[in-house]
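Structure file entry.pdb with PDB, C-alpha atoms:
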```
ATOM      1  CA  MET A  33     -34.099 -30.122   4.480
ATOM      2  CA  LYS A  34     -30.814 -31.447   5.857
ATOM      3  CA  PHE A  35     -28.688 -30.529   2.865
ATOM      4  CA  PRO A  36     -29.545 -26.791   2.744
ATOM      5  CA  ILE A  37     -29.034 -26.408   6.506
ATOM      6  CA  ARG A  38     -25.617 -28.061   6.396
ATOM      7  CA  SER A  39     -24.606 -26.102   3.323
ATOM      8  CA  LEU A  40     -25.662 -22.872   4.963
ATOM      9  CA  LEU A  41     -23.713 -23.711   8.111
ATOM     10  CA  ALA A  42     -20.570 -24.612   6.176
ATOM     11  CA  SER A  43     -20.822 -21.471   4.104
ATOM     12  CA  SER A  44     -21.251 -19.352   7.226
ATOM     13  CA  VAL A  45     -18.196 -20.879   8.895
ATOM     14  CA  LEU A  46     -16.028 -20.302   5.832
ATOM     15  CA  SER A  47     -17.235 -16.727   5.417
ATOM     16  CA  PHE A  48     -16.560 -16.020   9.080
ATOM     17  CA  SER A  49     -13.029 -17.362   8.803
ATOM     18  CA  PHE A  50     -12.137 -15.206   5.823
ATOM     19  CA  ALA A  51     -13.799 -12.183   7.409
ATOM     20  CA  VAL A  52     -11.492 -12.538  10.413
ATOM     21  CA  VAL A  53      -8.389 -12.855   8.219
ATOM     22  CA  ASP A  54      -9.368  -9.813   6.142
ATOM     23  CA  ALA A  55     -10.359  -7.669   9.133
ATOM     24  CA  ALA A  56      -8.544  -4.350   9.567
ATOM     25  CA  PRO A  57      -6.781  -3.102  11.453
ATOM     26  CA  ILE A  58      -4.881  -5.941  13.105
ATOM     27  CA  TYR A  59      -3.187  -4.785  16.297
ATOM     28  CA  SER A  60       0.057  -6.576  17.065
ATOM     29  CA  ASP A  61       1.787  -6.343  20.430
ATOM     30  CA  GLY A  62       5.014  -7.216  18.636
ATOM     31  CA  GLN A  63       7.200  -5.345  16.198
ATOM     32  CA  ALA A  64       6.908  -4.698  12.487
ATOM     33  CA  THR A  65       8.760  -6.856  10.000
ATOM     34  CA  PRO A  66      12.354  -5.641   9.478
ATOM     35  CA  LEU A  67      12.753  -3.135   6.676
ATOM     36  CA  ALA A  68      15.637  -5.212   5.307
ATOM     37  CA  ALA A  69      13.195  -8.114   4.815
ATOM     38  CA  CYS A  70      11.382  -6.115   2.108
ATOM     39  CA  PRO A  71      13.819  -5.778  -0.827
ATOM     40  CA  THR A  72      11.279  -3.929  -2.978
ATOM     41  CA  CYS A  73      10.443  -1.332  -0.317
ATOM     42  CA  VAL A  74      11.401   2.287  -0.962
ATOM     43  CA  VAL A  75      12.162   4.831   1.749
ATOM     44  CA  GLY A  76      10.564   8.084   0.657
ATOM     45  CA  THR A  77      12.600  11.242   0.163
ATOM     46  CA  HIS A  78      11.442  13.753   2.732
ATOM     47  CA  PHE A  79      11.114  17.308   1.446
ATOM     48  CA  ALA A  80      12.785  20.183   3.246
ATOM     49  CA  ALA A  81      10.697  23.197   4.199
ATOM     50  CA  GLY A  82       9.653  25.322   1.236
ATOM     51  CA  ALA A  83       6.843  26.385  -1.053
ATOM     52  CA  ASN A  84       7.053  23.067  -2.923
ATOM     53  CA  GLY A  85       8.293  21.067   0.051
ATOM     54  CA  SER A  86       7.118  20.422   3.582
ATOM     55  CA  VAL A  87       5.083  23.222   5.129
ATOM     56  CA  ALA A  88       4.878  24.071   8.836
ATOM     57  CA  GLY A  89       1.514  24.612  10.468
ATOM     58  CA  VAL A  90       0.388  26.790  13.340
ATOM     59  CA  GLY A  91       3.012  26.513  16.071
ATOM     60  CA  GLY A  92       6.126  26.075  13.929
ATOM     61  CA  SER A  93       8.111  22.992  13.010
ATOM     62  CA  GLY A  94      11.225  20.901  13.273
ATOM     63  CA  ILE A  95      11.302  19.799   9.626
ATOM     64  CA  ASN A  96      14.429  17.718   9.089
ATOM     65  CA  ALA A  97      14.724  16.399   5.531
ATOM     66  CA  PRO A  98      17.813  14.184   6.095
ATOM     67  CA  ALA A  99      16.328  12.582   9.225
ATOM     68  CA  GLY A 100      12.995  11.915   7.514
ATOM     69  CA  SER A 101      14.609  10.323   4.452
ATOM     70  CA  VAL A 102      16.033   7.286   6.258
ATOM     71  CA  LEU A 103      14.877   4.959   9.026
ATOM     72  CA  ASN A 104      17.303   6.080  11.726
ATOM     73  CA  GLY A 105      15.390   6.685  14.948
ATOM     74  CA  GLN A 106      15.428  10.451  14.414
ATOM     75  CA  ARG A 107      12.451  12.676  13.815
ATOM     76  CA  THR A 108      10.990  15.299  11.566
ATOM     77  CA  TYR A 109       7.857  17.140  12.675
ATOM     78  CA  ILE A 110       5.530  20.084  12.372
ATOM     79  CA  TYR A 111       3.084  21.699  14.731
ATOM     80  CA  ASP A 112      -0.396  21.759  13.258
ATOM     81  CA  LEU A 113      -2.616  23.497  15.790
ATOM     82  CA  GLY A 114      -4.653  25.007  12.951
ATOM     83  CA  TYR A 115      -5.731  21.605  11.601
ATOM     84  CA  PRO A 116      -9.477  21.977  10.956
ATOM     85  CA  GLY A 117     -10.318  18.305  10.446
ATOM     86  CA  PHE A 118     -11.502  16.816   7.153
ATOM     87  CA  SER A 119     -13.644  14.009   5.775
ATOM     88  CA  ALA A 120     -12.058  11.165   3.838
ATOM     89  CA  GLY A 121     -11.617  12.172   0.206
ATOM     90  CA  ASP A 122     -11.475  15.897   0.969
ATOM     91  CA  SER A 123      -8.544  17.683  -0.632
ATOM     92  CA  ILE A 124      -6.445  20.719   0.164
ATOM     93  CA  ALA A 125      -4.032  22.524  -2.161
ATOM     94  CA  ARG A 126      -0.728  24.218  -1.530
ATOM     95  CA  GLY A 127      -1.178  27.908  -0.977
ATOM     96  CA  SER A 128      -4.670  27.567   0.442
ATOM     97  CA  ALA A 129      -5.523  28.738   3.946
ATOM     98  CA  GLY A 130      -4.700  26.131   6.550
ATOM     99  CA  PHE A 131      -2.323  24.088   4.381
ATOM    100  CA  ALA A 132       0.374  22.336   6.399
ATOM    101  CA  MET A 133       2.102  19.062   5.549
ATOM    102  CA  LEU A 134       5.166  16.903   6.000
ATOM    103  CA  VAL A 135       5.756  15.553   2.473
ATOM    104  CA  TRP A 136       7.582  12.523   1.055
ATOM    105  CA  ASP A 137       8.332  11.668  -2.582
ATOM    106  CA  MET A 138       8.219   7.903  -3.188
ATOM    107  CA  GLY A 139       9.692   8.209  -6.707
ATOM    108  CA  VAL A 140       6.792   6.338  -8.328
ATOM    109  CA  ALA A 141       3.119   6.012  -7.455
ATOM    110  CA  MET A 142       2.234   3.149  -5.105
ATOM    111  CA  ASN A 143      -0.662   2.308  -2.808
ATOM    112  CA  THR A 144       1.050   0.424   0.036
ATOM    113  CA  MET A 145       2.971   2.382   2.632
ATOM    114  CA  ARG A 146       4.370   2.027   6.135
ATOM    115  CA  LEU A 147       4.364   4.990   8.476
ATOM    116  CA  TYR A 148       7.280   4.750  10.917
ATOM    117  CA  THR A 149       6.323   6.905  13.878
ATOM    118  CA  HIS A 150       8.691   8.671  16.235
ATOM    119  CA  GLN A 151       7.496   8.616  19.841
ATOM    120  CA  ASP A 152       8.662  11.133  22.423
ATOM    121  CA  HIS A 153       6.119  10.517  25.205
ATOM    122  CA  TYR A 154       5.937   6.717  25.159
ATOM    123  CA  ASN A 155       8.578   4.127  26.025
ATOM    124  CA  GLY A 156       6.525   0.957  25.706
ATOM    125  CA  GLY A 157       4.199  -0.977  27.984
ATOM    126  CA  PRO A 158       0.598  -0.185  28.946
ATOM    127  CA  ILE A 159      -0.819   3.205  27.989
ATOM    128  CA  THR A 160      -2.669   4.635  30.979
ATOM    129  CA  THR A 161      -3.369   8.283  30.072
ATOM    130  CA  ASP A 162      -5.500   9.860  27.378
ATOM    131  CA  PHE A 163      -2.630  12.162  26.442
ATOM    132  CA  VAL A 164      -0.298   9.303  25.538
ATOM    133  CA  ALA A 165      -3.122   7.383  23.848
ATOM    134  CA  GLN A 166      -3.649  10.238  21.395
ATOM    135  CA  ASP A 167       0.043  11.097  21.126
ATOM    136  CA  VAL A 168       1.011   7.709  19.681
ATOM    137  CA  MET A 169      -1.610   8.252  16.948
ATOM    138  CA  GLU A 170      -1.123  11.940  16.132
ATOM    139  CA  TYR A 171      -1.045  11.420  12.353
ATOM    140  CA  SER A 172      -3.407  11.853   9.416
ATOM    141  CA  VAL A 173      -2.206  10.499   6.049
ATOM    142  CA  TRP A 174      -2.624  12.276   2.716
ATOM    143  CA  GLY A 175      -1.885  11.361  -0.917
ATOM    144  CA  SER A 176      -1.020  13.346  -4.042
ATOM    145  CA  ASN A 177       0.222  12.741  -7.563
ATOM    146  CA  ASP A 178       1.153  16.334  -8.427
ATOM    147  CA  ASN A 179       2.603  17.563  -5.114
ATOM    148  CA  ILE A 180       0.019  20.327  -5.181
ATOM    149  CA  ASN A 181      -3.353  18.832  -4.335
ATOM    150  CA  PHE A 182      -3.450  16.405  -1.371
ATOM    151  CA  VAL A 183      -6.424  14.173  -0.541
ATOM    152  CA  LEU A 184      -7.155  12.861   2.948
ATOM    153  CA  LEU A 185      -6.687   9.099   3.015
ATOM    154  CA  SER A 186      -6.845   8.326   6.730
ATOM    155  CA  ASP A 187      -7.377  10.218   9.977
ATOM    156  CA  VAL A 188      -7.765   9.121  13.613
ATOM    157  CA  THR A 189     -10.962  10.431  15.146
ATOM    158  CA  ALA A 190     -11.456   8.604  18.468
ATOM    159  CA  PHE A 191      -9.981   5.971  20.748
ATOM    160  CA  ASP A 192     -10.836   3.512  23.502
ATOM    161  CA  ILE A 193      -7.892   3.473  25.904
ATOM    162  CA  ASP A 194      -8.558  -0.133  26.961
ATOM    163  CA  GLY A 195     -10.157  -1.328  23.735
ATOM    164  CA  GLY A 196      -7.594  -4.084  23.187
ATOM    165  CA  GLY A 197      -7.226  -4.899  26.876
ATOM    166  CA  ALA A 198      -5.846  -2.929  29.808
ATOM    167  CA  GLY A 199      -3.438  -0.284  28.510
ATOM    168  CA  LYS A 200      -3.905  -1.267  24.847
ATOM    169  CA  PRO A 201      -5.858   1.451  23.037
ATOM    170  CA  THR A 202      -7.841   0.834  19.882
ATOM    171  CA  TYR A 203      -8.751   3.579  17.445
ATOM    172  CA  THR A 204     -11.518   4.811  15.159
ATOM    173  CA  PHE A 205     -10.464   5.977  11.712
ATOM    174  CA  GLU A 206     -11.902   8.303   9.088
ATOM    175  CA  GLY A 207     -11.141   6.844   5.669
ATOM    176  CA  THR A 208      -8.790   3.911   5.193
ATOM    177  CA  GLU A 209      -7.868   1.957   8.298
ATOM    178  CA  PRO A 210      -4.335   0.633   8.689
ATOM    179  CA  SER A 211      -3.993  -3.040   7.871
ATOM    180  CA  PHE A 212      -1.488  -3.596  10.701
ATOM    181  CA  ILE A 213      -0.626  -1.537  13.788
ATOM    182  CA  TYR A 214       2.543  -2.572  15.619
ATOM    183  CA  ARG A 215       2.395  -1.547  19.266
ATOM    184  CA  GLY A 216       5.967  -2.803  19.766
ATOM    185  CA  GLY A 217       7.375  -0.519  17.074
ATOM    186  CA  SER A 218      10.218  -1.754  14.872
ATOM    187  CA  PRO A 219      13.061  -4.263  15.303
ATOM    188  CA  GLU A 220      15.422  -1.471  14.316
ATOM    189  CA  PHE A 221      14.488   1.059  17.027
ATOM    190  CA  GLY A 222      11.905  -0.576  19.274
ATOM    191  CA  ALA A 223       9.400   1.657  21.046
ATOM    192  CA  ILE A 224      10.737   4.802  19.391
ATOM    193  CA  ASN A 225       8.681   3.561  16.423
ATOM    194  CA  ALA A 226       5.769   2.299  18.561
ATOM    195  CA  TYR A 227       2.397   2.184  16.814
ATOM    196  CA  THR A 228       4.056   2.100  13.410
ATOM    197  CA  ARG A 229       1.422   1.044  10.891
ATOM    198  CA  ASP A 230       0.911  -0.363   7.397
ATOM    199  CA  TYR A 231      -1.683   0.966   4.939
ATOM    200  CA  THR A 232      -3.006  -0.236   1.602
ATOM    201  CA  PHE A 233      -5.011   2.434  -0.193
ATOM    202  CA  ALA A 234      -7.485   2.124  -3.056
ATOM    203  CA  ASP A 235      -5.341   4.282  -5.358
ATOM    204  CA  ASP A 236      -1.641   4.809  -6.030
ATOM    205  CA  TYR A 237       0.114   8.004  -4.938
ATOM    206  CA  ARG A 238       3.623   9.238  -5.610
ATOM    207  CA  TYR A 239       3.610  11.787  -2.769
ATOM    208  CA  TYR A 240       2.500  11.055   0.767
ATOM    209  CA  GLY A 241       1.829  13.731   3.333
ATOM    210  CA  VAL A 242       1.378  13.657   7.096
ATOM    211  CA  ARG A 243      -0.204  16.225   9.360
ATOM    212  CA  SER A 244      -2.034  16.165  12.706
ATOM    213  CA  SER A 245      -4.804  13.718  13.501
ATOM    214  CA  LEU A 246      -8.141  14.957  14.799
ATOM    215  CA  ILE A 247      -7.662  13.343  18.227
ATOM    216  CA  SER A 248      -4.320  15.103  18.604
ATOM    217  CA  LEU A 249      -5.833  18.451  17.688
ATOM    218  CA  VAL A 250      -8.564  17.989  20.297
ATOM    219  CA  ALA A 251      -5.834  17.335  22.877
ATOM    220  CA  ARG A 252      -4.052  20.541  21.749
ATOM    221  CA  ASP A 253      -0.973  18.471  21.004
ATOM    222  CA  ALA A 254      -0.949  18.312  17.195
ATOM    223  CA  ASP A 255       2.767  17.838  16.530
ATOM    224  CA  PRO A 256       3.095  14.728  14.335
ATOM    225  CA  GLU A 257       6.625  13.332  14.555
ATOM    226  CA  ILE A 258       7.817  10.862  11.928
ATOM    227  CA  ASP A 259      10.926   8.726  11.556
ATOM    228  CA  ALA A 260      10.382   7.604   7.939
ATOM    229  CA  VAL A 261       7.745   6.795   5.312
ATOM    230  CA  VAL A 262       8.241   3.598   3.311
ATOM    231  CA  GLY A 263       6.360   2.498   0.210
ATOM    232  CA  ASN A 264       6.126  -0.774  -1.672
ATOM    233  CA  PRO A 265       4.497  -1.840  -4.955
ATOM    234  CA  GLY A 266       3.094  -4.878  -3.087
ATOM    235  CA  ALA A 267       2.050  -5.653   0.476
ATOM    236  CA  ILE A 268       4.728  -5.022   3.107
ATOM    237  CA  ASN A 269       3.250  -7.599   5.488
ATOM    238  CA  ILE A 270       0.650 -10.094   4.332
ATOM    239  CA  VAL A 271       1.054 -12.671   7.113
ATOM    240  CA  PRO A 272      -2.088 -12.934   9.291
ATOM    241  CA  GLU A 273      -1.794 -12.976  13.058
ATOM    242  CA  PRO A 274      -1.542 -16.520  14.577
ATOM    243  CA  GLY A 275      -5.033 -16.209  16.040
ATOM    244  CA  SER A 276      -6.487 -15.405  12.623
ATOM    245  CA  LEU A 277      -4.668 -18.352  11.068
ATOM    246  CA  ALA A 278      -6.055 -20.628  13.775
ATOM    247  CA  LEU A 279      -9.596 -19.427  13.116
ATOM    248  CA  LEU A 280      -9.114 -19.947   9.384
ATOM    249  CA  GLY A 281      -7.873 -23.463  10.034
ATOM    250  CA  LEU A 282     -10.874 -24.252  12.222
ATOM    251  CA  GLY A 283     -13.203 -22.912   9.573
ATOM    252  CA  LEU A 284     -11.647 -25.069   6.848
ATOM    253  CA  LEU A 285     -11.771 -28.140   9.101
ATOM    254  CA  ALA A 286     -15.448 -27.499   9.798
ATOM    255  CA  LEU A 287     -16.140 -27.131   6.086
ATOM    256  CA  SER A 288     -14.342 -30.407   5.358
ATOM    257  CA  TYR A 289     -16.346 -32.171   8.080
ATOM    258  CA  MET A 290     -19.650 -30.848   6.721
ATOM    259  CA  ARG A 291     -18.804 -31.992   3.211
ATOM    260  CA  ARG A 292     -18.008 -35.532   4.447
ATOM    261  CA  ARG A 293     -21.311 -35.656   6.358
ATOM    262  CA  ILE A 294     -23.208 -34.555   3.271
ATOM    263  CA  ARG A 295     -21.640 -37.367   1.207
TER     264      ARG A 295
END
```
Now, as a test, write the supplied structure out as structure tokens.
Amino acid sequence: MKFPIRSLLASSVLSFSFAVVDAAPIYSDGQATPLAACPTCVVGTHFAAGANGSVAGVGGSGINAPAGSVLNGQRTYIYDLGYPGFSAGDSIARGSAGFAMLVWDMGVAMNTMRLYTHQDHYNGGPITTDFVAQDVMEYSVWGSNDNINFVLLSDVTAFDIDGGGAGKPTYTFEGTEPSFIYRGGSPEFGAINAYTRDYTFADDYRYYGVRSSLISLVARDADPEIDAVVGNPGAINIVPEPGSLALLGLGLLALSYMRRRIR
């Protein structure tokens, strides 16, 4: 009887440790890794407005192809007050009613991307209003391989303004959750890029699109502003948070102890 109980306990501890490390999203109060630290990363080419480029939604746009094609602290944006909301995996084609999209060409298909936000209502620190809580997450992410049909990969559908502690919102996602969310933005431009996030999707896409998130539409804000979109054939950041590493270490120590007791 002793052996199965100990084995079960050890197995449970190990499984718990890896579950914590693999959990998504991980919210970091710090900044993203520097772009220069990822030599294989590619900054997507942002398309200018046009039938085969970026398309404004209801309310107009400030589409700026040069600004959106480099990480420079400047913004490109559309208004998207006609965003109807979609389920993960739904697709929408150019020319169809309600199509609006900021579009980037990554050059080749890849499944890991970083969305560098551009914040105009947040300068860092605690978030204390619902408006700012939705505004820092006003983005849904879409993928395409023909620049015609775009599939919804990730949307933001709800938030808890104090979910991560006072003034630290956490979010509910439709579709793929970000792997990392950096509340502190980037080392290049700080809080201008606050709530920048990393994604790893199940499939590779050459074109990535951004339009309003559902929570931003509900707030009647719906003007996603982006600094840059970066892709990488591999993971941009695969280093777990210190707390996750500590839990993993404790789990492995517990497993080692159990094995010695069994012997």
Exercise for the section: Anything within 7 Å of (-2.8, 19.0, -2.9): list those residues as an MDAnalysis selection string, counting only C-alpha atoms and sticking to the file's coordinates. Expected result: chainID A and resid 123:126 176 179:183
Practice task
Using only C-alpha atoms, pick whichever of A:Ala97, A:Ala251, A:Ala81, A:Ala69 has the shortest atom-to-atom distance to Ala165 of chain A.
Solution key: A:Ala251
Per-residue nearest contacts of segment 77-130 of chain A to segment 253-261 of chain A (10 Å; only C-alpha atoms) as CSV:
```
residue,atom,partner,partner_atom,distance
A:Thr77,CA,A:Val261,CA,8.4
A:His78,CA,A:Ala260,CA,8.1
A:Gly89,CA,A:Asp255,CA,9.2
A:Val90,CA,A:Ala254,CA,9.4
A:Gly91,CA,A:Asp255,CA,8.7
A:Gly92,CA,A:Asp255,CA,9.3
A:Ser93,CA,A:Asp255,CA,8.2
A:Gly94,CA,A:Glu257,CA,8.9
A:Ile95,CA,A:Glu257,CA,9.4
A:Asn96,CA,A:Ile258,CA,9.9
A:Ala99,CA,A:Asp259,CA,7.0
A:Gly100,CA,A:Ala260,CA,5.1
A:Ser101,CA,A:Ala260,CA,6.1
A:Val102,CA,A:Ala260,CA,5.9
A:Leu103,CA,A:Ala260,CA,5.3
A:Asn104,CA,A:Asp259,CA,6.9
A:Gly105,CA,A:Asp259,CA,6.0
A:Gln106,CA,A:Asp259,CA,5.6
A:Arg107,CA,A:Asp259,CA,4.8
A:Thr108,CA,A:Ile258,CA,5.5
A:Tyr109,CA,A:Glu257,CA,4.4
A:Ile110,CA,A:Asp255,CA,5.5
A:Tyr111,CA,A:Asp255,CA,4.3
A:Asp112,CA,A:Ala254,CA,5.3
A:Leu113,CA,A:Ala254,CA,5.6
A:Gly114,CA,A:Ala254,CA,8.7
A:Tyr115,CA,A:Ala254,CA,8.1
```
Exercise for the section: State, in Å with one decimal place, the distance from atom CA of Ala226 of chain A to atom CA of Tyr203 of chain A. Expected result: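 Interatomic distance here is 14.6 Å.
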When you look at Gly117 of chain A with a cut-off of 9 Å (counting all atoms listed in the file), what residues show up, excluding the ones that are within fewer than 3 positions of it in the same chain? I need them as a short mmCIF file (atom, residue, chain, number, x, y, z; two decimals) with C-alpha atoms, in the frame of the given file.
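Below is the file result-v8.cif, written as the result:
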```cif
data_model
loop_
_atom_site.label_atom_id
_atom_site.label_comp_id
_atom_site.auth_asym_id
_atom_site.auth_seq_id
_atom_site.Cartn_x
_atom_site.Cartn_y
_atom_site.Cartn_z
CA ASP A 187 -7.38 10.22 9.98
CA SER A 244 -2.03 16.16 12.71
CA SER A 245 -4.80 13.72 13.50
CA LEU A 246 -8.14 14.96 14.80
CA LEU A 249 -5.83 18.45 17.69
#
```
Exercise for the section: Go ahead and compute the interatomic distance for atom CA of Gly195 of chain A and atom CA of Arg215 of chain A, in Å to one decimal. Expected result: 13.3 Å
Problem - Top pick for closest residue to Ile224 of chain A, considering A:Gly156, A:Gly130, A:Gly85, A:Pro71 and counting all atoms listed in the file - result: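 The closest residue to Ile224 of chain A is A:Gly156.
What the PyMOL selection byres ((chain A and resi 194) around 12) matches in the given file is A:Pro158, A:Ile159, A:Thr160, A:Thr161, A:Asp162, A:Ala165, A:Phe191, A:Asp192, A:Ile193, A:Gly195, A:Gly196, A:Gly197, A:Ala198, A:Gly199, A:Lys200, A:Pro201, A:Thr202, A:Tyr203.
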Exercise for the section: Record the distance separating atom CA of Ser186 of chain A and atom CA of Gly222 of chain A, expressed in Å with one decimal. Expected result: 24.3 Å
Practice task
Run through the PyMOL selection byres ((chain A and resi 217) around 9) on the given coordinates and return the selected residues as a list of chain:residue names.
Solution key: A:Asp61, A:Gly62, A:Gln63, A:Ala64, A:Tyr148, A:Thr149, A:Gly156, A:Ile213, A:Tyr214, A:Arg215, A:Gly216, A:Ser218, A:Pro219, A:Glu220, A:Phe221, A:Gly222, A:Ala223, A:Ile224, A:Asn225, A:Ala226, A:Tyr227, A:Thr228, A:Arg229
Handout entry: Selection: 7 Å around Asn264 of chain A, only C-alpha atoms, excl. self and same-chain fewer than 3 positions, as a list of chain:residue names
Key =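 These residues fall inside the cut-off: A:Thr72, A:Cys73, A:Val74, A:Met142, A:Thr144, A:Met145, A:Ala267, A:Ile268.
Of the listed residues A:Gly263, A:Pro98, A:Phe79, A:Pro116, the one whose atoms come nearest to Leu134 of chain A is A:Phe79, with distances taken using all atoms listed in the file.
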Handout entry: Among listed residues A:Glu206, A:Arg252, A:Tyr59, A:Tyr239, nearest Gly121 of chain A (using all atoms listed in the file)
Key =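 Smallest distance to Gly121 of chain A is found for A:Glu206.
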Exercise for the section: Point out the residue among A:Cys70, A:Ala234, A:Ala129, A:Ala120 with the least atom-to-atom distance to Val188 of chain A, counting only C-alpha atoms. Expected result: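 For Val188 of chain A, the nearest of the candidates is A:Ala120.
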Write out as AutoDock Vina command-line options an axis-aligned box for segment 126-143 of chain A: all of its atoms listed in the file, 6 Å added on each side, centre and edge lengths in Å with one decimal.
```
--center_x 2.1 --center_y 15.5 --center_z -0.9 --size_x 27.2 --size_y 38.4 --size_z 26.9
```
